[in-house]
file query-v6.cif (mmCIF, C-alpha atoms)
data_query
#
loop_
_atom_site.group_PDB
_atom_site.id
_atom_site.type_symbol
_atom_site.label_atom_id
_atom_site.label_comp_id
_atom_site.auth_asym_id
_atom_site.auth_seq_id
_atom_site.Cartn_x
_atom_site.Cartn_y
_atom_site.Cartn_z
ATOM 1 C CA MET A 1 63.430 135.967 -5.303
ATOM 2 C CA VAL A 2 66.434 136.294 -7.345
ATOM 3 C CA SER A 3 66.681 139.421 -9.142
ATOM 4 C CA HIS A 4 67.538 138.944 -12.714
ATOM 5 C CA ALA A 5 68.935 142.296 -12.752
ATOM 6 C CA LEU A 6 72.121 141.046 -11.172
ATOM 7 C CA LEU A 7 72.810 138.634 -13.978
ATOM 8 C CA PRO A 8 74.402 139.801 -17.120
ATOM 9 C CA PRO A 9 72.126 139.993 -19.952
ATOM 10 C CA PHE A 10 71.756 136.652 -21.745
ATOM 11 C CA PRO A 11 73.453 136.863 -25.030
ATOM 12 C CA SER A 12 71.110 137.171 -27.797
ATOM 13 C CA GLN A 13 70.367 134.025 -29.723
ATOM 14 C CA ALA A 14 72.195 135.182 -32.769
ATOM 15 C CA PRO A 15 72.662 132.315 -35.320
ATOM 16 C CA ILE A 16 76.209 130.865 -35.015
ATOM 17 C CA LYS A 17 78.072 130.681 -38.227
ATOM 18 C CA ARG A 18 79.981 127.267 -38.311
ATOM 19 C CA GLN A 19 83.204 127.497 -40.169
ATOM 20 C CA PRO A 20 85.431 124.483 -41.010
ATOM 21 C CA CYS A 21 88.436 124.610 -38.673
ATOM 22 C CA LEU A 22 91.751 123.742 -40.337
ATOM 23 C CA PHE A 23 93.450 122.854 -37.065
ATOM 24 C CA ALA A 24 90.764 120.302 -36.181
ATOM 25 C CA LEU A 25 91.140 118.716 -39.593
ATOM 26 C CA ILE A 26 94.889 118.283 -39.178
ATOM 27 C CA LEU A 27 94.353 116.853 -35.693
ATOM 28 C CA HIS A 28 91.799 114.421 -37.057
ATOM 29 C CA VAL A 29 94.033 113.174 -39.860
ATOM 30 C CA ALA A 30 96.934 112.792 -37.473
ATOM 31 C CA PHE A 31 94.823 110.803 -35.052
ATOM 32 C CA VAL A 32 93.448 108.431 -37.662
ATOM 33 C CA SER A 33 96.788 107.820 -39.340
ATOM 34 C CA SER A 34 98.573 107.201 -36.064
ATOM 35 C CA ALA A 35 95.842 104.758 -35.069
ATOM 36 C CA LEU A 36 96.250 103.023 -38.392
ATOM 37 C CA LEU A 37 100.013 102.949 -37.953
ATOM 38 C CA LEU A 38 99.685 101.603 -34.427
ATOM 39 C CA SER A 39 97.382 98.843 -35.509
ATOM 40 C CA ALA A 40 99.635 98.082 -38.442
ATOM 41 C CA CYS A 41 102.626 97.877 -36.206
ATOM 42 C CA THR A 42 101.018 95.608 -33.629
ATOM 43 C CA ALA A 43 99.191 93.401 -36.123
ATOM 44 C CA PRO A 44 101.018 90.448 -37.708
ATOM 45 C CA PRO A 45 103.030 91.491 -40.728
ATOM 46 C CA GLN A 46 100.666 89.865 -43.186
ATOM 47 C CA PHE A 47 98.259 92.685 -42.666
ATOM 48 C CA LEU A 48 100.627 95.371 -43.820
ATOM 49 C CA SER A 49 102.132 93.180 -46.452
ATOM 50 C CA THR A 50 98.758 93.015 -48.182
ATOM 51 C CA ILE A 51 99.186 96.726 -48.772
ATOM 52 C CA LEU A 52 102.935 97.228 -48.849
ATOM 53 C CA GLY A 53 104.136 94.042 -50.353
ATOM 54 C CA PRO A 54 105.887 91.122 -48.673
ATOM 55 C CA VAL A 55 108.038 91.801 -45.656
ATOM 56 C CA PRO A 56 111.404 90.115 -45.861
ATOM 57 C CA THR A 57 111.638 87.506 -43.155
ATOM 58 C CA PRO A 58 114.475 88.543 -40.915
ATOM 59 C CA LYS A 59 117.509 86.319 -40.984
ATOM 60 C CA PRO A 60 118.577 85.091 -37.611
ATOM 61 C CA VAL A 61 121.621 87.020 -36.540
ATOM 62 C CA GLU A 62 124.496 84.788 -35.776
ATOM 63 C CA HIS A 63 126.754 85.960 -33.076
ATOM 64 C CA LYS A 64 130.146 84.446 -32.583
ATOM 65 C CA PRO A 65 130.374 82.994 -29.127
ATOM 66 C CA ARG A 66 132.112 85.380 -26.856
ATOM 67 C CA ARG A 67 134.508 82.639 -25.722
ATOM 68 C CA GLU A 68 135.438 79.286 -27.071
ATOM 69 C CA PRO A 69 132.733 76.749 -26.334
ATOM 70 C CA TYR A 70 133.609 74.337 -23.542
ATOM 71 C CA GLN A 71 135.382 71.249 -24.664
ATOM 72 C CA PRO A 72 135.885 68.408 -22.262
ATOM 73 C CA PRO A 73 139.638 67.853 -21.829
ATOM 74 C CA LYS A 74 141.123 65.267 -24.171
ATOM 75 C CA PRO A 75 141.942 62.025 -22.422
ATOM 76 C CA ALA A 76 145.683 61.724 -21.826
ATOM 77 C CA PRO A 77 147.267 59.759 -24.676
ATOM 78 C CA MET A 78 148.009 56.159 -23.806
ATOM 79 C CA VAL A 79 151.739 55.774 -23.436
ATOM 80 C CA GLU A 80 152.830 52.377 -24.600
ATOM 81 C CA VAL A 81 154.996 50.859 -21.943
ATOM 82 C CA LYS A 82 157.022 48.060 -23.457
ATOM 83 C CA GLU A 83 156.216 45.074 -21.382
ATOM 84 C CA GLU A 84 158.957 42.645 -20.637
ATOM 85 C CA ALA A 85 158.328 39.530 -22.657
ATOM 86 C CA PRO A 86 156.693 36.985 -20.409
ATOM 87 C CA ARG A 87 159.362 34.920 -18.772
ATOM 88 C CA THR A 88 159.611 31.337 -19.761
ATOM 89 C CA ASP A 89 159.268 29.167 -16.714
ATOM 90 C CA TRP A 90 162.077 26.776 -17.523
ATOM 91 C CA ALA A 91 161.717 24.856 -14.287
ATOM 92 C CA ALA A 92 158.063 24.123 -15.113
ATOM 93 C CA MET A 93 159.051 23.058 -18.628
ATOM 94 C CA LEU A 94 161.615 20.696 -17.155
ATOM 95 C CA GLU A 95 158.866 19.137 -15.039
ATOM 96 C CA GLN A 96 157.001 18.253 -18.245
ATOM 97 C CA LEU A 97 159.859 16.113 -19.538
ATOM 98 C CA PRO A 98 159.910 12.353 -18.895
ATOM 99 C CA LYS A 99 161.847 11.076 -15.896
ATOM 100 C CA ASP A 100 164.292 8.208 -15.733
ATOM 101 C CA ALA A 101 164.566 5.497 -13.082
ATOM 102 C CA GLY A 102 166.778 7.672 -10.887
ATOM 103 C CA GLY A 103 164.281 10.557 -10.876
ATOM 104 C CA GLY A 104 166.365 12.705 -13.203
ATOM 105 C CA THR A 105 165.252 13.981 -16.581
ATOM 106 C CA ASP A 106 165.336 11.383 -19.367
ATOM 107 C CA TRP A 107 166.857 13.525 -22.094
ATOM 108 C CA VAL A 108 167.079 10.630 -24.522
ATOM 109 C CA ARG A 109 163.325 10.108 -24.454
ATOM 110 C CA ALA A 110 162.703 13.854 -24.479
ATOM 111 C CA MET A 111 164.581 14.065 -27.770
ATOM 112 C CA ASP A 112 163.122 10.832 -29.172
ATOM 113 C CA GLU A 113 159.598 12.059 -28.521
ATOM 114 C CA LYS A 114 160.504 15.500 -29.919
ATOM 115 C CA LEU A 115 159.514 17.176 -26.658
ATOM 116 C CA ILE A 116 162.612 19.322 -27.046
ATOM 117 C CA ASP A 117 164.276 20.364 -30.255
ATOM 118 C CA PRO A 118 167.656 21.862 -29.455
ATOM 119 C CA LYS A 119 169.012 23.977 -32.291
ATOM 120 C CA PRO A 120 172.285 23.006 -33.951
ATOM 121 C CA GLY A 121 173.576 26.577 -34.002
ATOM 122 C CA LEU A 122 172.939 30.207 -33.166
ATOM 123 C CA ASP A 123 172.056 30.872 -36.780
ATOM 124 C CA PRO A 124 168.453 29.659 -37.233
ATOM 125 C CA LYS A 125 169.424 28.253 -40.624
ATOM 126 C CA ALA A 126 172.365 26.299 -39.256
ATOM 127 C CA GLU A 127 172.546 22.762 -40.592
ATOM 128 C CA ASP A 128 173.419 19.929 -38.311
ATOM 129 C CA GLU A 129 176.101 17.386 -38.975
ATOM 130 C CA PRO A 130 174.743 13.915 -39.770
ATOM 131 C CA VAL A 131 174.265 11.568 -36.853
ATOM 132 C CA PHE A 132 176.925 8.862 -36.605
ATOM 133 C CA ASP A 133 175.168 5.546 -35.998
ATOM 134 C CA MET A 134 177.601 3.081 -34.453
ATOM 135 C CA ASP A 135 177.110 1.119 -31.258
ATOM 136 C CA LEU A 136 180.275 -0.066 -29.562
ATOM 137 C CA GLU A 137 180.321 -2.968 -27.176
ATOM 138 C CA LEU A 138 182.936 -2.305 -24.537
ATOM 139 C CA VAL A 139 183.652 -5.599 -22.787
ATOM 140 C CA PRO A 140 185.741 -5.551 -19.588
ATOM 141 C CA LYS A 141 188.396 -8.256 -19.772
ATOM 142 C CA ASP A 142 188.002 -9.329 -16.155
ATOM 143 C CA ALA A 143 184.211 -9.098 -16.040
ATOM 144 C CA PRO A 144 182.674 -9.841 -19.464
ATOM 145 C CA ASP A 145 179.204 -9.943 -17.892
ATOM 146 C CA PHE A 146 179.437 -6.197 -17.401
ATOM 147 C CA LYS A 147 179.665 -5.359 -21.044
ATOM 148 C CA ALA A 148 178.820 -1.714 -21.685
ATOM 149 C CA THR A 149 177.183 -0.458 -24.855
ATOM 150 C CA TYR A 150 178.272 2.918 -26.067
ATOM 151 C CA PRO A 151 175.810 4.381 -28.631
ATOM 152 C CA HIS A 152 177.412 6.922 -30.984
ATOM 153 C CA LYS A 153 173.980 7.782 -32.340
ATOM 154 C CA ILE A 154 172.558 9.199 -29.132
ATOM 155 C CA HIS A 155 175.721 11.194 -28.479
ATOM 156 C CA THR A 156 176.407 12.580 -31.934
ATOM 157 C CA ARG A 157 172.907 14.003 -32.342
ATOM 158 C CA MET A 158 173.928 16.658 -29.833
ATOM 159 C CA LEU A 159 177.704 16.461 -29.521
ATOM 160 C CA ALA A 160 180.419 16.984 -32.106
ATOM 161 C CA CYS A 161 183.080 14.339 -32.682
ATOM 162 C CA THR A 162 185.676 16.777 -31.339
ATOM 163 C CA ASN A 163 183.913 16.938 -27.989
ATOM 164 C CA CYS A 164 185.168 13.416 -27.280
ATOM 165 C CA HIS A 165 187.853 12.609 -29.841
ATOM 166 C CA MET A 166 190.722 12.648 -29.176
ATOM 167 C CA GLU A 167 190.842 14.479 -25.863
ATOM 168 C CA ILE A 168 188.646 12.014 -23.930
ATOM 169 C CA PHE A 169 188.591 8.883 -26.119
ATOM 170 C CA GLN A 170 190.816 7.383 -28.765
ATOM 171 C CA MET A 171 189.111 6.630 -32.046
ATOM 172 C CA GLU A 172 189.703 2.945 -31.550
ATOM 173 C CA LYS A 173 187.538 0.487 -29.737
ATOM 174 C CA GLY A 174 189.143 -0.816 -26.541
ATOM 175 C CA ALA A 175 192.033 1.645 -26.678
ATOM 176 C CA ASP A 176 191.022 3.416 -23.475
ATOM 177 C CA PRO A 177 191.393 1.728 -20.091
ATOM 178 C CA ILE A 178 187.883 2.617 -18.929
ATOM 179 C CA THR A 179 186.827 1.297 -15.523
ATOM 180 C CA MET A 180 183.898 2.100 -13.235
ATOM 181 C CA GLU A 181 186.289 3.546 -10.728
ATOM 182 C CA LYS A 182 187.522 6.095 -13.224
ATOM 183 C CA ILE A 183 183.984 6.852 -14.354
ATOM 184 C CA PHE A 184 182.924 7.609 -10.789
ATOM 185 C CA ALA A 185 186.039 9.763 -10.426
ATOM 186 C CA GLY A 186 184.878 11.867 -13.386
ATOM 187 C CA GLU A 187 187.060 10.475 -16.158
ATOM 188 C CA TYR A 188 186.017 9.066 -19.541
ATOM 189 C CA CYS A 189 182.236 8.601 -19.534
ATOM 190 C CA GLY A 190 182.224 10.335 -16.124
ATOM 191 C CA ARG A 191 183.277 13.593 -17.749
ATOM 192 C CA CYS A 192 179.611 14.008 -18.628
ATOM 193 C CA HIS A 193 177.690 11.265 -16.864
ATOM 194 C CA GLY A 194 176.949 12.288 -13.309
ATOM 195 C CA LYS A 195 177.533 15.945 -14.118
ATOM 196 C CA VAL A 196 175.383 16.930 -17.094
ATOM 197 C CA ALA A 197 174.176 13.593 -18.455
ATOM 198 C CA PHE A 198 172.298 10.977 -16.423
ATOM 199 C CA ASP A 199 173.699 9.867 -13.112
ATOM 200 C CA VAL A 200 176.015 6.851 -13.067
ATOM 201 C CA ALA A 201 174.917 5.422 -9.730
ATOM 202 C CA THR A 202 171.272 5.051 -10.818
ATOM 203 C CA GLY A 203 171.894 4.449 -14.517
ATOM 204 C CA CYS A 204 173.692 1.049 -14.575
ATOM 205 C CA PRO A 205 171.205 -0.649 -16.948
ATOM 206 C CA ARG A 206 171.323 2.218 -19.437
ATOM 207 C CA CYS A 207 174.996 1.482 -20.198
ATOM 208 C CA HIS A 208 175.043 -2.158 -19.141
ATOM 209 C CA LEU A 209 172.046 -3.263 -21.167
ATOM 210 C CA GLY A 210 172.246 -6.750 -19.656
ATOM 211 C CA MET A 211 171.785 -5.559 -16.079
ATOM 212 C CA PRO A 212 168.296 -5.823 -14.523
ATOM 213 C CA LYS A 213 166.380 -2.573 -14.550
ATOM 214 C CA MET B 1 180.761 54.003 -6.578
ATOM 215 C CA MET B 2 179.211 52.245 -9.577
ATOM 216 C CA ARG B 3 180.216 48.865 -8.240
ATOM 217 C CA ALA B 4 178.716 49.707 -4.858
ATOM 218 C CA ALA B 5 175.463 50.740 -6.504
ATOM 219 C CA LEU B 6 175.406 47.536 -8.509
ATOM 220 C CA ARG B 7 176.007 45.463 -5.422
ATOM 221 C CA PHE B 8 173.248 47.248 -3.571
ATOM 222 C CA ALA B 9 170.880 46.665 -6.462
ATOM 223 C CA ILE B 10 171.714 42.980 -6.502
ATOM 224 C CA VAL B 11 171.142 42.582 -2.792
ATOM 225 C CA VAL B 12 167.780 44.365 -3.032
ATOM 226 C CA LEU B 13 166.685 42.508 -6.154
ATOM 227 C CA ALA B 14 167.795 39.195 -4.787
ATOM 228 C CA ALA B 15 165.599 39.820 -1.766
ATOM 229 C CA ILE B 16 162.602 40.693 -3.926
ATOM 230 C CA VAL B 17 162.887 38.116 -6.654
ATOM 231 C CA PRO B 18 161.617 34.837 -5.253
ATOM 232 C CA LEU B 19 163.781 31.785 -5.667
ATOM 233 C CA ARG B 20 162.788 30.267 -8.963
ATOM 234 C CA TYR B 21 164.622 27.031 -8.497
ATOM 235 C CA SER B 22 164.022 25.350 -5.199
ATOM 236 C CA SER B 23 166.661 22.691 -5.658
ATOM 237 C CA ALA B 24 169.691 22.425 -7.859
ATOM 238 C CA GLU B 25 169.085 20.365 -10.975
ATOM 239 C CA VAL B 26 171.667 17.894 -12.263
ATOM 240 C CA GLY B 27 173.921 19.882 -14.537
ATOM 241 C CA ASP B 28 173.681 23.215 -12.753
ATOM 242 C CA ILE B 29 177.153 24.704 -12.671
ATOM 243 C CA ALA B 30 177.893 27.005 -9.756
ATOM 244 C CA PHE B 31 180.854 29.134 -10.755
ATOM 245 C CA VAL B 32 183.713 29.477 -8.334
ATOM 246 C CA ARG B 33 185.177 32.941 -8.337
ATOM 247 C CA LYS B 34 188.929 33.173 -8.056
ATOM 248 C CA ALA B 35 189.351 36.958 -7.889
ATOM 249 C CA ALA B 36 188.586 38.418 -4.474
ATOM 250 C CA GLY B 37 186.738 41.653 -3.734
ATOM 251 C CA THR B 38 183.257 40.927 -5.101
ATOM 252 C CA GLU B 39 182.009 38.534 -2.444
ATOM 253 C CA ASP B 40 178.698 40.349 -2.001
ATOM 254 C CA VAL B 41 177.681 39.365 -5.531
ATOM 255 C CA PRO B 42 176.735 35.700 -5.281
ATOM 256 C CA PRO B 43 178.530 33.477 -7.807
ATOM 257 C CA ALA B 44 176.746 32.944 -11.099
ATOM 258 C CA ILE B 45 174.891 29.704 -11.706
ATOM 259 C CA PHE B 46 174.732 28.175 -15.159
ATOM 260 C CA PRO B 47 171.711 25.884 -15.566
ATOM 261 C CA HIS B 48 172.536 23.324 -18.260
ATOM 262 C CA PHE B 49 168.932 22.190 -18.555
ATOM 263 C CA VAL B 50 167.655 25.591 -19.680
ATOM 264 C CA HIS B 51 170.264 25.700 -22.406
ATOM 265 C CA ARG B 52 170.225 22.112 -23.606
ATOM 266 C CA MET B 53 166.491 22.350 -24.219
ATOM 267 C CA GLN B 54 167.310 24.997 -26.791
ATOM 268 C CA PHE B 55 170.806 24.259 -28.062
ATOM 269 C CA LYS B 56 172.830 21.190 -28.796
ATOM 270 C CA CYS B 57 175.942 20.779 -26.723
ATOM 271 C CA HIS B 58 178.269 21.544 -29.627
ATOM 272 C CA VAL B 59 176.837 25.048 -30.003
ATOM 273 C CA CYS B 60 178.680 25.978 -26.801
ATOM 274 C CA HIS B 61 181.290 23.245 -26.498
ATOM 275 C CA ASP B 62 183.993 24.000 -27.309
ATOM 276 C CA ALA B 63 183.472 26.960 -29.661
ATOM 277 C CA ILE B 64 182.218 29.295 -26.928
ATOM 278 C CA ILE B 65 182.889 27.500 -23.649
ATOM 279 C CA VAL B 66 185.391 24.774 -22.829
ATOM 280 C CA MET B 67 183.688 21.653 -21.441
ATOM 281 C CA LYS B 68 185.385 21.702 -18.064
ATOM 282 C CA ALA B 69 184.248 23.423 -14.887
ATOM 283 C CA GLY B 70 186.513 26.350 -14.046
ATOM 284 C CA ALA B 71 188.363 26.257 -17.368
ATOM 285 C CA ASN B 72 186.763 29.472 -18.640
ATOM 286 C CA PRO B 73 187.950 32.838 -17.284
ATOM 287 C CA ILE B 74 184.452 34.381 -17.394
ATOM 288 C CA THR B 75 184.079 37.929 -16.071
ATOM 289 C CA MET B 76 181.362 40.525 -16.500
ATOM 290 C CA ASP B 77 183.675 42.554 -18.728
ATOM 291 C CA ALA B 78 184.061 39.587 -21.079
ATOM 292 C CA ILE B 79 180.286 39.047 -21.087
ATOM 293 C CA GLN B 80 179.664 42.702 -21.952
ATOM 294 C CA ASP B 81 182.268 42.341 -24.726
ATOM 295 C CA GLY B 82 180.175 39.548 -26.227
ATOM 296 C CA LYS B 83 182.295 36.621 -25.109
ATOM 297 C CA TYR B 84 181.209 33.474 -23.230
ATOM 298 C CA CYS B 85 177.652 34.014 -21.964
ATOM 299 C CA GLY B 86 177.660 37.344 -23.812
ATOM 300 C CA VAL B 87 177.598 35.556 -27.183
ATOM 301 C CA CYS B 88 173.897 34.938 -26.507
ATOM 302 C CA HIS B 89 173.046 37.070 -23.503
ATOM 303 C CA ASN B 90 173.160 40.237 -25.571
ATOM 304 C CA GLY B 91 169.459 41.137 -25.739
ATOM 305 C CA LYS B 92 168.989 39.306 -29.044
ATOM 306 C CA THR B 93 169.318 35.565 -28.509
ATOM 307 C CA ALA B 94 168.668 35.808 -24.775
ATOM 308 C CA PHE B 95 168.199 38.434 -22.088
ATOM 309 C CA GLN B 96 170.965 40.946 -21.563
ATOM 310 C CA ALA B 97 172.934 41.533 -18.387
ATOM 311 C CA THR B 98 170.843 44.516 -17.357
ATOM 312 C CA PHE B 99 170.015 45.627 -13.845
ATOM 313 C CA GLU B 100 166.906 43.481 -13.462
ATOM 314 C CA ALA B 101 168.680 40.484 -14.921
ATOM 315 C CA CYS B 102 171.558 40.227 -12.431
ATOM 316 C CA PRO B 103 169.737 37.845 -10.053
ATOM 317 C CA ARG B 104 168.753 35.549 -12.910
ATOM 318 C CA CYS B 105 172.375 34.461 -13.134
ATOM 319 C CA HIS B 106 173.680 35.518 -9.718
ATOM 320 C CA ARG B 107 171.319 33.587 -7.504
ATOM 321 C CA PRO B 108 171.935 33.725 -3.790
#

call {"tool": "encode", "arguments": {"input": "query-v6.cif", "output": "structure tokens"}}
result
Amino acid sequence: MVSHALLPPFPSQAPIKRQPCLFALILHVAFVSSALLLSACTAPPQFLSTILGPVPTPKPVEHKPRREPYQPPKPAPMVEVKEEAPRTDWAAMLEQLPKDAGGGTDWVRAMDEKLIDPKPGLDPKAEDEPVFDMDLELVPKDAPDFKATYPHKIHTRMLACTNCHMEIFQMEKGADPITMEKIFAGEYCGRCHGKVAFDVATGCPRCHLGMPK
Amino acid sequence: MMRAALRFAIVVLAAIVPLRYSSAEVGDIAFVRKAAGTEDVPPAIFPHFVHRMQFKCHVCHDAIIVMKAGANPITMDAIQDGKYCGVCHNGKTAFQATFEACPRCHRP
């Protein structure tokens, strides 16, 4: 049996006088307001703004980039290399011109058909001298069958009078002792024919119009 | 020194540039050089056909060039001075006598 005597005497059931505690009140207010604040802070702003007025929406802060943004390198500027003007293939152009019986170029036809148009001077505006139209019949005394026709027209549309007169030919029909021998040796007509103009050996009928072609 | 370089250039270019004319055309004038000492530069060739397609005979004869083979004392100095071929081959009327152009006239 437990002896009650060992226990202290139970306090007497005196009525407890409850007094409002100031400290507890402060603690209570602090707790409620901090809870309110916490909920206000975590809730979307509209909640507080209903009480405190509209919250200014924050402007996005614009930072300057710390370094220049990457730009792909500019393509190297195209350097204009002056191209050499395309070469005229003169040999191919010569192939286009008509050929004569001897296989050479027929320059008379080339000019007649306006396939070439040689300029009369270095100046593009240069005027040409008028063509001198006079055919001469050169008749050999010993062989009248071999009469040669010299056309001034064909010659003077590219040559000047001074190219022939008076160094090569007199300005008088029959004044020059022209023979085939001398022509083949490069005199008279042979100054040009056989060198720059059509060949003599294959061109008999072009001068001797009566000879068979 | 300069001459030697020029000669070397001609030899090299002549080897590279293919022959543009396989056979001589009637009227091609191959110049005969009288002065000795430049044998490694082949003599110049004057193609009449190229020129007579573009100019009448009297443009050259006899104002610029006498109409007789060998009658014109043509040298490179005269050409650079604007005489003979240099009347036209000055970069305006026709190509100039530049490095690349040597083998166009001096064909081996």

call {"tool": "residues_around", "arguments": {"input": "query-v6.cif", "residues": "Val50 of chain B", "least_positions_apart": "5", "cutoff": "9 Å", "atoms": "only C-alpha atoms", "output": "PDB file with C-alpha atoms, keeping the file's coordinate frame"}}
result
ATOM      1  CA  TRP A  90     162.077  26.776 -17.523  1.00  0.00           C
ATOM      2  CA  ALA A  91     161.717  24.856 -14.287  1.00  0.00           C
ATOM      3  CA  LEU A  94     161.615  20.696 -17.155  1.00  0.00           C
TER       4      LEU A  94
END

call {"tool": "resolve_selection", "arguments": {"input": "query-v6.cif", "expression": "the PyMOL selection byres ((chain A and resi 101) around 10)", "output": "list in words"}}
result
Lys99, Asp100, Gly102, Gly103, Gly104, Thr105, Asp106, Thr202, Gly203, Pro205, Arg206 and Lys213 of chain A

call {"tool": "interface_residues", "arguments": {"input": "query-v6.cif", "of": "chain A", "to": "chain B", "cutoff": "6 Å", "atoms": "all atoms listed in the file", "output": "PDB file with C-alpha atoms, in the frame of the given file"}}
result
ATOM      1  CA  ILE A 116     162.612  19.322 -27.046  1.00  0.00           C
ATOM      2  CA  PRO A 118     167.656  21.862 -29.455  1.00  0.00           C
ATOM      3  CA  LYS A 119     169.012  23.977 -32.291  1.00  0.00           C
ATOM      4  CA  PRO A 120     172.285  23.006 -33.951  1.00  0.00           C
ATOM      5  CA  GLY A 121     173.576  26.577 -34.002  1.00  0.00           C
ATOM      6  CA  MET A 158     173.928  16.658 -29.833  1.00  0.00           C
ATOM      7  CA  LEU A 159     177.704  16.461 -29.521  1.00  0.00           C
ATOM      8  CA  ALA A 160     180.419  16.984 -32.106  1.00  0.00           C
ATOM      9  CA  LYS A 195     177.533  15.945 -14.118  1.00  0.00           C
ATOM     10  CA  VAL A 196     175.383  16.930 -17.094  1.00  0.00           C
TER      11      VAL A 196
END

call {"tool": "resolve_selection", "arguments": {"input": "query-v6.cif", "expression": "the PyMOL selection byres ((chain B and resi 42) around 10)", "output": "VMD selection string"}}
result
chain B and resid 7 10 to 11 14 30 to 33 38 to 41 43 to 45 102 to 103 105 to 108

call {"tool": "residues_around", "arguments": {"input": "query-v6.cif", "residues": "Met166 of chain A", "least_positions_apart": "6", "cutoff": "12 Å", "atoms": "only C-alpha atoms", "output": "list in words"}}
result
Ala160, Glu172, Ala175, Asp176 and Tyr188 of chain A

call {"tool": "closest_residue", "arguments": {"input": "query-v6.cif", "among": "A:Glu127, A:Asp135, A:Asp117, A:Glu167", "to": "Thr149 of chain A", "atoms": "only C-alpha atoms"}}
result
A:Asp135

call {"tool": "atom_distance", "arguments": {"input": "query-v6.cif", "atom1": "atom CA of Ala69 of chain B", "atom2": "atom CA of Glu187 of chain A"}}
result
13.3 Å

call {"tool": "residues_around", "arguments": {"input": "query-v6.cif", "residues": "segment 34-37 of chain B", "least_positions_apart": "4", "cutoff": "10 Å", "atoms": "all atoms listed in the file", "output": "number ranges by chain"}}
result
B: 41, 70, 73, 75

call {"tool": "write_last_selection", "arguments": {"input": "query-v6.cif", "atoms": "C-alpha atoms", "output": "PDB file, in the coordinates of the input"}}
result
ATOM      1  CA  VAL B  41     177.681  39.365  -5.531  1.00  0.00           C
ATOM      2  CA  GLY B  70     186.513  26.350 -14.046  1.00  0.00           C
ATOM      3  CA  PRO B  73     187.950  32.838 -17.284  1.00  0.00           C
ATOM      4  CA  THR B  75     184.079  37.929 -16.071  1.00  0.00           C
TER       5      THR B  75
END

call {"tool": "atom_distance", "arguments": {"input": "query-v6.cif", "atom1": "atom CA of Leu115 of chain A", "atom2": "atom CA of Glu129 of chain A"}}
result
20.7 Å

call {"tool": "atom_distance", "arguments": {"input": "query-v6.cif", "atom1": "atom CA of Asn90 of chain B", "atom2": "atom CA of Asp128 of chain A"}}
result
24.0 Å
